[in-house]
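A.B. asks: This is protein04.pdb, which holds PDB, C-alpha atoms:
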ATOM      1  CA  MET A   1     176.788 120.796  65.588
ATOM      2  CA  ASP A   2     174.740 120.814  62.361
ATOM      3  CA  ALA A   3     172.919 117.652  63.454
ATOM      4  CA  PHE A   4     172.187 119.208  66.850
ATOM      5  CA  ILE A   5     170.738 122.333  65.212
ATOM      6  CA  THR A   6     168.664 120.136  62.889
ATOM      7  CA  SER A   7     167.219 118.171  65.796
ATOM      8  CA  LEU A   8     166.459 121.392  67.678
ATOM      9  CA  SER A   9     164.743 122.780  64.597
ATOM     10  CA  SER A  10     162.653 119.613  64.169
ATOM     11  CA  VAL A  11     161.656 119.636  67.837
ATOM     12  CA  GLY A  12     160.936 123.351  67.602
ATOM     13  CA  GLU A  13     158.484 122.792  64.762
ATOM     14  CA  ILE A  14     156.730 120.139  66.820
ATOM     15  CA  VAL A  15     156.570 122.361  69.899
ATOM     16  CA  LEU A  16     155.025 125.208  67.899
ATOM     17  CA  VAL A  17     152.200 123.007  66.600
ATOM     18  CA  ILE A  18     151.628 121.580  70.094
ATOM     19  CA  ALA A  19     151.546 125.163  71.393
ATOM     20  CA  LEU A  20     148.919 125.997  68.756
ATOM     21  CA  GLY A  21     146.697 123.179  70.021
ATOM     22  CA  TYR A  22     147.312 124.299  73.614
ATOM     23  CA  TRP A  23     146.358 127.915  72.823
ATOM     24  CA  LEU A  24     143.280 126.972  70.799
ATOM     25  CA  ARG A  25     142.015 124.826  73.668
ATOM     26  CA  LYS A  26     142.848 127.325  76.410
ATOM     27  CA  SER A  27     141.229 130.183  74.486
ATOM     28  CA  GLY A  28     138.006 128.194  74.114
ATOM     29  CA  LYS A  29     138.221 127.878  70.328
ATOM     30  CA  LEU A  30     137.956 124.069  70.517
ATOM     31  CA  ALA A  31     134.901 122.423  72.080
ATOM     32  CA  ASP A  32     135.076 119.702  74.714
ATOM     33  CA  THR A  33     134.058 117.099  72.146
ATOM     34  CA  PHE A  34     136.814 118.047  69.692
ATOM     35  CA  LYS A  35     139.486 116.029  71.509
ATOM     36  CA  GLY A  36     137.510 112.819  71.076
ATOM     37  CA  ASN A  37     136.697 113.665  67.464
ATOM     38  CA  ILE A  38     140.290 114.375  66.499
ATOM     39  CA  SER A  39     141.484 111.233  68.264
ATOM     40  CA  PHE A  40     138.961 109.133  66.314
ATOM     41  CA  LEU A  41     139.981 110.770  63.019
ATOM     42  CA  ILE A  42     143.675 110.094  63.641
ATOM     43  CA  MET A  43     143.393 106.547  64.955
ATOM     44  CA  ASN A  44     140.658 105.218  62.658
ATOM     45  CA  VAL A  45     141.104 107.129  59.411
ATOM     46  CA  ALA A  46     144.305 109.101  58.837
ATOM     47  CA  LEU A  47     146.818 106.816  60.565
ATOM     48  CA  PRO A  48     145.690 103.508  59.006
ATOM     49  CA  VAL A  49     145.786 105.146  55.556
ATOM     50  CA  SER A  50     149.200 106.702  56.239
ATOM     51  CA  ILE A  51     150.678 103.390  57.424
ATOM     52  CA  PHE A  52     149.140 101.444  54.537
ATOM     53  CA  MET A  53     150.519 103.891  51.968
ATOM     54  CA  SER A  54     153.972 103.969  53.573
ATOM     55  CA  VAL A  55     154.283 100.194  53.645
ATOM     56  CA  ILE A  56     153.100  99.361  50.119
ATOM     57  CA  THR A  57     155.122 102.164  48.535
ATOM     58  CA  LYS A  58     158.355 101.691  50.503
ATOM     59  CA  LEU A  59     158.544  97.973  51.217
ATOM     60  CA  ASP A  60     158.775  94.791  49.196
ATOM     61  CA  ARG A  61     159.153  91.137  50.140
ATOM     62  CA  GLY A  62     162.932  91.327  50.349
ATOM     63  CA  LYS A  63     162.938  94.370  52.608
ATOM     64  CA  ILE A  64     160.310  92.869  54.910
ATOM     65  CA  VAL A  65     162.583  89.872  55.474
ATOM     66  CA  SER A  66     165.498  92.196  56.201
ATOM     67  CA  LEU A  67     163.371  94.039  58.795
ATOM     68  CA  SER A  68     162.737  90.852  60.793
ATOM     69  CA  SER A  69     165.917  91.446  62.829
ATOM     70  CA  GLY A  70     164.322  94.640  64.133
ATOM     71  CA  LEU A  71     161.633  92.561  65.817
ATOM     72  CA  LEU A  72     164.347  90.766  67.775
ATOM     73  CA  TYR A  73     166.012  94.021  68.895
ATOM     74  CA  THR A  74     162.748  95.570  70.033
ATOM     75  CA  PHE A  75     161.526  92.352  71.685
ATOM     76  CA  LEU A  76     164.696  92.137  73.773
ATOM     77  CA  SER A  77     164.496  95.802  74.790
ATOM     78  CA  PHE A  78     160.880  95.398  75.956
ATOM     79  CA  LEU A  79     161.687  92.176  77.807
ATOM     80  CA  LEU A  80     164.647  93.733  79.649
ATOM     81  CA  GLY A  81     162.540  96.820  80.375
ATOM     82  CA  TYR A  82     159.940  94.731  82.189
ATOM     83  CA  VAL A  83     162.642  92.900  84.161
ATOM     84  CA  VAL A  84     164.361  96.121  85.286
ATOM     85  CA  ALA A  85     161.061  97.855  86.160
ATOM     86  CA  ILE A  86     159.847  94.926  88.278
ATOM     87  CA  LEU A  87     163.177  94.750  90.122
ATOM     88  CA  LEU A  88     163.082  98.485  90.887
ATOM     89  CA  ILE A  89     159.542  98.186  92.259
ATOM     90  CA  TYR A  90     160.878  95.953  95.037
ATOM     91  CA  VAL A  91     164.143  97.862  95.502
ATOM     92  CA  PHE A  92     162.390 101.222  95.979
ATOM     93  CA  LYS A  93     159.195  99.772  97.484
ATOM     94  CA  ILE A  94     156.812 101.438  95.010
ATOM     95  CA  ARG A  95     153.400 101.292  96.643
ATOM     96  CA  LYS A  96     150.428  99.389  95.240
ATOM     97  CA  GLY A  97     148.316 101.543  92.951
ATOM     98  CA  ARG A  98     151.429 103.014  91.313
ATOM     99  CA  ARG A  99     153.212  99.838  90.235
ATOM    100  CA  GLY A 100     151.296  99.311  86.984
ATOM    101  CA  THR A 101     151.981 102.918  85.968
ATOM    102  CA  PHE A 102     155.637 102.598  86.947
ATOM    103  CA  ILE A 103     156.153  99.452  84.839
ATOM    104  CA  ASN A 104     154.350 100.864  81.804
ATOM    105  CA  MET A 105     156.340 104.103  81.971
ATOM    106  CA  PHE A 106     159.545 102.066  81.743
ATOM    107  CA  VAL A 107     158.446  99.948  78.806
ATOM    108  CA  ASN A 108     155.569 101.305  76.709
ATOM    109  CA  ALA A 109     155.649 104.601  74.829
ATOM    110  CA  ASN A 110     153.331 107.038  73.085
ATOM    111  CA  THR A 111     154.441 105.953  69.619
ATOM    112  CA  ILE A 112     151.360 107.250  67.785
ATOM    113  CA  PHE A 113     150.702 110.837  68.820
ATOM    114  CA  ILE A 114     154.323 111.833  69.473
ATOM    115  CA  GLY A 115     156.610 109.037  68.302
ATOM    116  CA  MET A 116     155.487 108.968  64.676
ATOM    117  CA  PRO A 117     155.347 112.721  63.921
ATOM    118  CA  LEU A 118     158.716 113.176  65.598
ATOM    119  CA  ASN A 119     160.207 110.296  63.634
ATOM    120  CA  LEU A 120     158.975 111.802  60.380
ATOM    121  CA  ALA A 121     160.391 115.194  61.318
ATOM    122  CA  LEU A 122     163.801 113.821  62.295
ATOM    123  CA  PHE A 123     164.390 111.022  59.779
ATOM    124  CA  GLY A 124     161.815 111.428  57.010
ATOM    125  CA  LYS A 125     159.628 108.797  55.348
ATOM    126  CA  GLU A 126     162.563 106.437  54.814
ATOM    127  CA  ALA A 127     162.410 105.597  58.530
ATOM    128  CA  VAL A 128     158.705 104.658  58.491
ATOM    129  CA  PRO A 129     159.310 100.878  58.046
ATOM    130  CA  TYR A 130     161.523 100.848  61.143
ATOM    131  CA  PHE A 131     158.982 102.892  63.073
ATOM    132  CA  LEU A 132     156.308 100.343  62.170
ATOM    133  CA  ILE A 133     158.434  97.541  63.646
ATOM    134  CA  TYR A 134     158.649  99.406  66.948
ATOM    135  CA  TYR A 135     154.982 100.366  66.803
ATOM    136  CA  LEU A 136     153.999  96.726  66.309
ATOM    137  CA  MET A 137     155.999  95.546  69.331
ATOM    138  CA  ASN A 138     154.827  98.500  71.446
ATOM    139  CA  THR A 139     151.164  97.745  70.667
ATOM    140  CA  ILE A 140     151.528  94.068  71.551
ATOM    141  CA  SER A 141     153.453  94.927  74.726
ATOM    142  CA  THR A 142     150.863  97.495  75.857
ATOM    143  CA  TRP A 143     147.669  95.525  75.271
ATOM    144  CA  ALA A 144     148.918  91.982  75.870
ATOM    145  CA  ILE A 145     151.231  92.587  78.855
ATOM    146  CA  GLY A 146     151.171  96.144  80.205
ATOM    147  CA  ILE A 147     147.416  96.200  80.713
ATOM    148  CA  PHE A 148     147.628  93.160  83.001
ATOM    149  CA  PHE A 149     150.229  94.789  85.257
ATOM    150  CA  ILE A 150     147.795  97.701  85.677
ATOM    151  CA  SER A 151     144.859  95.389  86.405
ATOM    152  CA  ALA A 152     146.887  93.364  88.932
ATOM    153  CA  ASP A 153     147.846  96.617  90.684
ATOM    154  CA  ASP A 154     144.277  97.391  91.781
ATOM    155  CA  PRO A 155     144.658  98.338  95.493
ATOM    156  CA  THR A 156     140.987  97.504  96.168
ATOM    157  CA  LYS A 157     141.513  93.829  95.320
ATOM    158  CA  GLU A 158     142.491  91.355  97.942
ATOM    159  CA  LYS A 159     145.809  89.571  97.509
ATOM    160  CA  GLY A 160     145.369  86.439  95.435
ATOM    161  CA  SER A 161     142.143  87.622  93.824
ATOM    162  CA  LYS A 162     141.675  86.208  90.347
ATOM    163  CA  ASP A 163     139.357  88.972  89.216
ATOM    164  CA  SER A 164     141.078  90.802  86.373
ATOM    165  CA  ALA A 165     140.356  92.687  83.203
ATOM    166  CA  GLY A 166     139.310  90.474  80.327
ATOM    167  CA  PHE A 167     141.520  90.111  77.296
ATOM    168  CA  ASN A 168     140.366  92.495  74.578
ATOM    169  CA  TRP A 169     141.355  91.585  71.020
ATOM    170  CA  LYS A 170     140.030  94.933  69.769
ATOM    171  CA  LYS A 171     142.712  96.690  71.826
ATOM    172  CA  LEU A 172     145.403  94.343  70.529
ATOM    173  CA  LEU A 173     144.308  95.010  66.934
ATOM    174  CA  PRO A 174     143.677  98.773  66.675
ATOM    175  CA  ALA A 175     142.922 100.309  63.268
ATOM    176  CA  PRO A 176     146.530 101.469  62.622
ATOM    177  CA  LEU A 177     147.853  97.958  63.223
ATOM    178  CA  ILE A 178     145.161  96.525  60.949
ATOM    179  CA  GLY A 179     146.320  98.965  58.255
ATOM    180  CA  PHE A 180     149.842  97.626  58.715
ATOM    181  CA  ILE A 181     148.717  93.981  58.504
ATOM    182  CA  VAL A 182     146.604  94.624  55.373
ATOM    183  CA  ALA A 183     149.621  96.270  53.727
ATOM    184  CA  LEU A 184     151.823  93.255  54.570
ATOM    185  CA  VAL A 185     149.226  90.917  53.026
ATOM    186  CA  TRP A 186     149.105  93.211  50.001
ATOM    187  CA  ILE A 187     152.853  92.850  49.532
ATOM    188  CA  ALA A 188     152.888  89.131  50.300
ATOM    189  CA  PHE A 189     150.406  88.449  47.495
ATOM    190  CA  ASN A 190     152.182  90.898  45.181
ATOM    191  CA  ILE A 191     148.997  92.883  44.485
ATOM    192  CA  PRO A 192     149.617  95.683  41.946
ATOM    193  CA  THR A 193     149.710  99.236  43.293
ATOM    194  CA  THR A 194     148.549 100.905  40.078
ATOM    195  CA  PHE A 195     145.416 102.210  41.773
ATOM    196  CA  ILE A 196     147.486 104.533  43.950
ATOM    197  CA  GLU A 197     150.094 105.590  41.407
ATOM    198  CA  SER A 198     149.490 109.248  40.677
ATOM    199  CA  ASP A 199     150.176 108.876  36.939
ATOM    200  CA  LYS A 200     147.582 106.093  36.603
ATOM    201  CA  PHE A 201     144.831 107.198  38.990
ATOM    202  CA  PRO A 202     145.890 110.667  40.162
ATOM    203  CA  MET A 203     142.716 111.493  42.079
ATOM    204  CA  LEU A 204     142.695 108.317  44.186
ATOM    205  CA  GLY A 205     146.426 108.282  44.845
ATOM    206  CA  LYS A 206     146.570 111.928  45.875
ATOM    207  CA  THR A 207     143.490 111.501  48.076
ATOM    208  CA  PHE A 208     145.202 108.700  50.007
ATOM    209  CA  GLU A 209     148.329 110.816  50.382
ATOM    210  CA  MET A 210     146.338 113.852  51.532
ATOM    211  CA  VAL A 211     144.406 111.894  54.156
ATOM    212  CA  GLY A 212     147.604 110.222  55.404
ATOM    213  CA  SER A 213     149.367 113.579  55.720
ATOM    214  CA  LEU A 214     146.816 114.649  58.364
ATOM    215  CA  VAL A 215     148.488 112.430  60.968
ATOM    216  CA  THR A 216     151.370 114.666  62.019
ATOM    217  CA  PRO A 217     149.605 118.049  62.458
ATOM    218  CA  LEU A 218     146.483 116.552  64.030
ATOM    219  CA  SER A 219     148.521 114.415  66.427
ATOM    220  CA  LEU A 220     150.488 117.406  67.661
ATOM    221  CA  ILE A 221     147.374 119.552  68.073
ATOM    222  CA  TYR A 222     145.848 116.667  70.043
ATOM    223  CA  ILE A 223     148.834 116.653  72.418
ATOM    224  CA  GLY A 224     148.401 120.411  72.897
ATOM    225  CA  ILE A 225     144.762 119.856  73.843
ATOM    226  CA  ILE A 226     145.752 117.126  76.316
ATOM    227  CA  LEU A 227     148.275 119.436  77.974
ATOM    228  CA  ALA A 228     145.751 122.278  78.140
ATOM    229  CA  ASP A 229     143.118 120.059  79.765
ATOM    230  CA  ALA A 230     145.562 118.573  82.260
ATOM    231  CA  GLY A 231     147.156 121.867  83.255
ATOM    232  CA  LEU A 232     150.916 122.368  83.376
ATOM    233  CA  LYS A 233     150.697 123.648  86.957
ATOM    234  CA  SER A 234     149.860 120.133  88.122
ATOM    235  CA  ILE A 235     153.392 118.917  87.313
ATOM    236  CA  HIS A 236     155.465 117.917  90.351
ATOM    237  CA  PHE A 237     158.559 115.799  91.006
ATOM    238  CA  ASP A 238     158.205 113.295  93.819
ATOM    239  CA  ARG A 239     160.522 110.305  94.188
ATOM    240  CA  ASP A 240     158.323 107.808  92.328
ATOM    241  CA  SER A 241     157.746 110.242  89.459
ATOM    242  CA  VAL A 242     161.466 110.935  89.050
ATOM    243  CA  LEU A 243     162.214 107.187  89.021
ATOM    244  CA  ALA A 244     159.556 106.592  86.347
ATOM    245  CA  LEU A 245     160.928 109.459  84.239
ATOM    246  CA  LEU A 246     164.468 108.087  84.547
ATOM    247  CA  GLY A 247     163.128 104.769  83.326
ATOM    248  CA  ARG A 248     161.432 106.370  80.321
ATOM    249  CA  PHE A 249     164.201 108.756  79.280
ATOM    250  CA  VAL A 250     167.396 107.056  80.464
ATOM    251  CA  ILE A 251     167.007 103.344  81.151
ATOM    252  CA  ALA A 252     164.718 102.437  78.206
ATOM    253  CA  PRO A 253     166.884 104.091  75.510
ATOM    254  CA  ALA A 254     170.048 102.828  77.260
ATOM    255  CA  LEU A 255     168.750  99.253  77.040
ATOM    256  CA  MET A 256     167.964  99.731  73.359
ATOM    257  CA  ILE A 257     171.407 101.214  72.689
ATOM    258  CA  GLY A 258     173.072  98.349  74.541
ATOM    259  CA  ILE A 259     171.181  95.750  72.486
ATOM    260  CA  LEU A 260     171.967  97.481  69.188
ATOM    261  CA  VAL A 261     175.659  97.839  70.061
ATOM    262  CA  LEU A 262     175.803  94.185  71.101
ATOM    263  CA  PHE A 263     174.345  92.967  67.809
ATOM    264  CA  ALA A 264     176.420  95.432  65.795
ATOM    265  CA  ASN A 265     179.593  94.082  67.411
ATOM    266  CA  GLY A 266     178.339  90.618  66.610
ATOM    267  CA  GLY A 267     178.365  91.471  62.931
ATOM    268  CA  ALA A 268     174.653  92.208  62.502
ATOM    269  CA  GLY A 269     175.333  95.541  60.825
ATOM    270  CA  VAL A 270     172.355  97.553  62.111
ATOM    271  CA  PRO A 271     171.590 100.441  59.682
ATOM    272  CA  SER A 272     171.989 103.850  61.316
ATOM    273  CA  ILE A 273     168.468 104.997  60.409
ATOM    274  CA  GLU A 274     167.017 101.815  61.969
ATOM    275  CA  ALA A 275     169.052 102.227  65.147
ATOM    276  CA  SER A 276     168.194 105.936  65.380
ATOM    277  CA  THR A 277     164.478 105.218  65.020
ATOM    278  CA  PHE A 278     164.485 102.539  67.715
ATOM    279  CA  ILE A 279     166.434 104.717  70.156
ATOM    280  CA  ILE A 280     164.160 107.740  69.719
ATOM    281  CA  GLN A 281     161.005 105.618  70.015
ATOM    282  CA  ALA A 282     162.369 103.930  73.154
ATOM    283  CA  ALA A 283     162.441 107.354  74.818
ATOM    284  CA  ALA A 284     159.052 108.636  73.638
ATOM    285  CA  PRO A 285     156.721 109.951  76.406
ATOM    286  CA  GLY A 286     154.384 107.761  78.425
ATOM    287  CA  LEU A 287     151.154 106.369  76.996
ATOM    288  CA  ALA A 288     148.450 109.014  76.633
ATOM    289  CA  VAL A 289     145.804 106.467  77.707
ATOM    290  CA  LEU A 290     147.711 105.440  80.845
ATOM    291  CA  PRO A 291     145.696 107.583  83.317
ATOM    292  CA  MET A 292     142.436 106.206  81.925
ATOM    293  CA  LEU A 293     143.631 102.602  82.256
ATOM    294  CA  VAL A 294     144.897 103.234  85.795
ATOM    295  CA  GLY A 295     141.586 104.849  86.754
ATOM    296  CA  ARG A 296     139.660 101.772  85.634
ATOM    297  CA  SER A 297     141.768  99.681  88.005
ATOM    298  CA  ASN A 298     141.361 102.109  90.938
ATOM    299  CA  GLY A 299     145.057 103.046  90.838
ATOM    300  CA  ASP A 300     146.740 106.370  91.583
ATOM    301  CA  VAL A 301     145.399 108.459  88.686
ATOM    302  CA  ASP A 302     147.145 111.641  89.873
ATOM    303  CA  TYR A 303     150.470 109.836  89.699
ATOM    304  CA  ALA A 304     149.694 108.499  86.213
ATOM    305  CA  ASN A 305     148.602 111.944  85.010
ATOM    306  CA  ASN A 306     151.726 113.551  86.419
ATOM    307  CA  VAL A 307     154.249 111.189  84.803
ATOM    308  CA  VAL A 308     152.481 111.257  81.425
ATOM    309  CA  ILE A 309     152.218 115.066  81.319
ATOM    310  CA  THR A 310     155.743 115.569  82.648
ATOM    311  CA  SER A 311     157.255 113.096  80.187
ATOM    312  CA  THR A 312     155.430 114.832  77.329
ATOM    313  CA  VAL A 313     156.786 118.241  78.339
ATOM    314  CA  LEU A 314     160.337 117.050  79.055
ATOM    315  CA  PHE A 315     160.540 115.115  75.796
ATOM    316  CA  VAL A 316     161.373 118.302  73.887
ATOM    317  CA  ILE A 317     164.542 118.593  76.008
ATOM    318  CA  VAL A 318     165.426 114.911  75.833
ATOM    319  CA  VAL A 319     165.279 114.595  72.030
ATOM    320  CA  PRO A 320     168.185 116.929  71.165
ATOM    321  CA  ILE A 321     170.321 115.205  73.811
ATOM    322  CA  LEU A 322     169.470 111.773  72.407
ATOM    323  CA  MET A 323     170.228 112.975  68.895
ATOM    324  CA  GLN A 324     173.702 113.968  70.042
ATOM    325  CA  VAL A 325     174.209 110.491  71.515
ATOM    326  CA  ILE A 326     173.009 108.952  68.248
ATOM    327  CA  ASN A 327     175.395 111.139  66.244
ATOM    328  CA  VAL A 328     178.314 109.939  68.362
ATOM    329  CA  LEU A 329     177.326 106.274  67.965
ATOM    330  CA  TYR A 330     176.362 106.410  64.292
TER     331      TYR A 330
END
In structure tokens, what does this structure look like?

C.D. replies:
Amino acid sequence: MDAFITSLSSVGEIVLVIALGYWLRKSGKLADTFKGNISFLIMNVALPVSIFMSVITKLDRGKIVSLSSGLLYTFLSFLLGYVVAILLIYVFKIRKGRRGTFINMFVNANTIFIGMPLNLALFGKEAVPYFLIYYLMNTISTWAIGIFFISADDPTKEKGSKDSAGFNWKKLLPAPLIGFIVALVWIAFNIPTTFIESDKFPMLGKTFEMVGSLVTPLSLIYIGIILADAGLKSIHFDRDSVLALLGRFVIAPALMIGILVLFANGGAGVPSIEASTFIIQAAAPGLAVLPMLVGRSNGDVDYANNVVITSTVLFVIVVPILMQVINVLY
């Protein structure tokens, strides 16, 4: 019961900050350009710094090697997610224009703007290395695989057309991931961290920490702005939307749990904080950029908007339930 109350409290804090962003936007206190500005600040400044600081202060060579098993768990969960989603497309005859959205809702999550702040609230900074493993796999999955399912789902293209979106390395290597890679190189070459130690260079170290701490509040305010712009009244539950939501909140975390239990029974000894992080991230809401990507491929943007907004709203109900499942398992 204590764990359930803790998870409710953590989710409650998140909801209040999201509500603040929603109110500020609805009341006209935030300009139309603010959403783009805050997104740039998070993705290109605060988040890379936060990830860099977390990695070099909490990881070493030995721990990085021990985290490699997490790549296997997440890889298998993404692979099975794609297989299940594609099968369900044919079973339920999901129409063209919605298939790319449907597949991405099953597999790829909003790890940045919701996944990371929630992970910090629930498990603290000790879980950051495990979050980064999931974030890495989610980024690769989204921009190396998911984007092509969306492009191939363009209903205006004739069957067999080879015209598709070009591969974009900039999307595969966003600033947060670059921050992660730089930190790994830093550790690999055993570069001293004296420049960020507060007792050696207090001004520089505290500046990095201050900038990195912007991620959580700004991310949640950003989500509130997104919800305000989209409008909660637009939410509806048709068959395809319900199936996509079941994939995001039930099937994806169930696949992750199954993989973790399988390896645990095989003697892998998955740490509880690692397993908890992977399970929560597997159920994070749909990608915030999904409607934009679907629009570029002439897909059903209304459907994409609906499942992303609905998954974001319902996530606050799903998290406490998932935390209870995690408490039973671990």

A.B. asks: For Ile51 of chain A, which residue among A:Pro271, A:Ser234, A:Leu214, A:Thr312 is the nearest when counting all atoms listed in the file?

C.D. replies: A:Leu214

A.B. asks: Hey, what's within 9 Å of Val261 of chain A if we count all atoms listed in the file and toss same-chain stuff fewer than 4 positions away? As a count of residues only, please?

C.D. replies: 6

A.B. asks: Report, in Å with one decimal, the straight-line distance from atom CA of Ala109 of chain A to atom CA of Asp60 of chain A.

C.D. replies: 27.6 Å

A.B. asks: Which is closer to Ala188 of chain A than all the others in A:Ile56, A:Leu314, A:Ala275, A:Leu204, using all atoms listed in the file?

C.D. replies: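 Result for the nearest residue to Ala188 of chain A: A:Ile56.
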
A.B. asks: Each side padded by 5 Å, which centre and which edge lengths in Å (one decimal) define the axis-aligned box around the listed atoms of segment 26-44 of chain A? Give them as AutoDock Vina command-line options.

C.D. replies:
--center_x 138.9 --center_y 117.7 --center_z 69.5 --size_x 19.6 --size_y 35.0 --size_z 23.8

A.B. asks: Compare A:Met53, A:Ala288, A:Leu120, A:Leu136 by their minimum atom-to-atom distance to Ile225 of chain A, counting only C-alpha atoms, and give me the closest one.

C.D. replies: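 Of A:Met53, A:Ala288, A:Leu120, A:Leu136, the one nearest Ile225 of chain A, counting only C-alpha atoms, is A:Ala288.
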
A.B. asks: Pick the closest to Tyr134 of chain A from A:Tyr303, A:Phe78, A:Phe208, A:Phe92: which is it, counting all atoms listed in the file?

C.D. replies: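 Smallest distance to Tyr134 of chain A is found for A:Phe78.
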
A.B. asks: If I take atom CA of Ser213 of chain A and atom CA of Ala46 of chain A, how far is one from the other in Å, to one decimal?

C.D. replies: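 One can read the atom CA of Ser213 of chain A to atom CA of Ala46 of chain A distance as 7.4 Å.
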
A.B. asks: When distances are computed from only C-alpha atoms, which of A:Thr57, A:Thr207, A:Thr101, A:Ser311 shows the smallest separation from Phe237 of chain A?

C.D. replies: A:Ser311

A.B. asks: If you measure from atom CA of Val91 of chain A to atom CA of Val289 of chain A, what distance in Å do you get, rounded to one decimal?

C.D. replies: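 About the pair atom CA of Val91 of chain A and atom CA of Val289 of chain A: they are 27.0 Å apart.
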
A.B. asks: Can you turn the PyMOL selection byres ((chain A and resi 149) around 9) into a concrete residue list for this file, as a list of chain:residue names?

C.D. replies: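 Selected by the PyMOL selection byres ((chain A and resi 149) around 9) in this file: A:Arg99, A:Gly100, A:Thr101, A:Ile103, A:Asn104, A:Ile145, A:Gly146, A:Ile147, A:Phe148, A:Ile150, A:Ser151, A:Ala152, A:Asp153.
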
A.B. asks: Which residues would end up in the selection if the PyMOL selection byres ((chain A and resi 38) around 12) were applied here, given that I need the answer as JSON, numbers by chain?

C.D. replies: {"A": [21, 30, 31, 32, 33, 34, 35, 36, 37, 39, 40, 41, 42, 43, 44, 45, 46, 47, 113, 214, 215, 216, 217, 218, 219, 220, 221, 222, 223, 224, 225, 226]}

A.B. asks: Residues picked by the PyMOL selection byres ((chain A and resi 119) around 12) here, as a VMD selection string?

C.D. replies: chain A and resid 7 10 to 11 14 111 to 118 120 to 132 134 to 135 216 273 to 274 276 to 284 319 323

A.B. asks: Do a neighbour search on Asp154 of chain A at 7 Å with all atoms listed in the file, toss out local chain neighbours closer than 2 positions, and write the hits as a compact mmCIF listing (two decimals) with C-alpha atoms, in the coordinates of the input.

C.D. replies:
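Output file selection.txt follows:
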# COMPACT_ATOMS: atom_id res chain seq x y z
CA GLY A 97 148.32 101.54 92.95
CA SER A 151 144.86 95.39 86.40
CA ALA A 152 146.89 93.36 88.93
CA THR A 156 140.99 97.50 96.17
CA LYS A 157 141.51 93.83 95.32
CA SER A 297 141.77 99.68 88.00
CA ASN A 298 141.36 102.11 90.94
CA GLY A 299 145.06 103.05 90.84

A.B. asks: Counting all atoms listed in the file, which residue out of A:Val84, A:Met137, A:Leu24, A:Ala175 sits closest to Leu246 of chain A?

C.D. replies: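 Residue with the minimum atom-to-atom distance to Leu246 of chain A: A:Val84.
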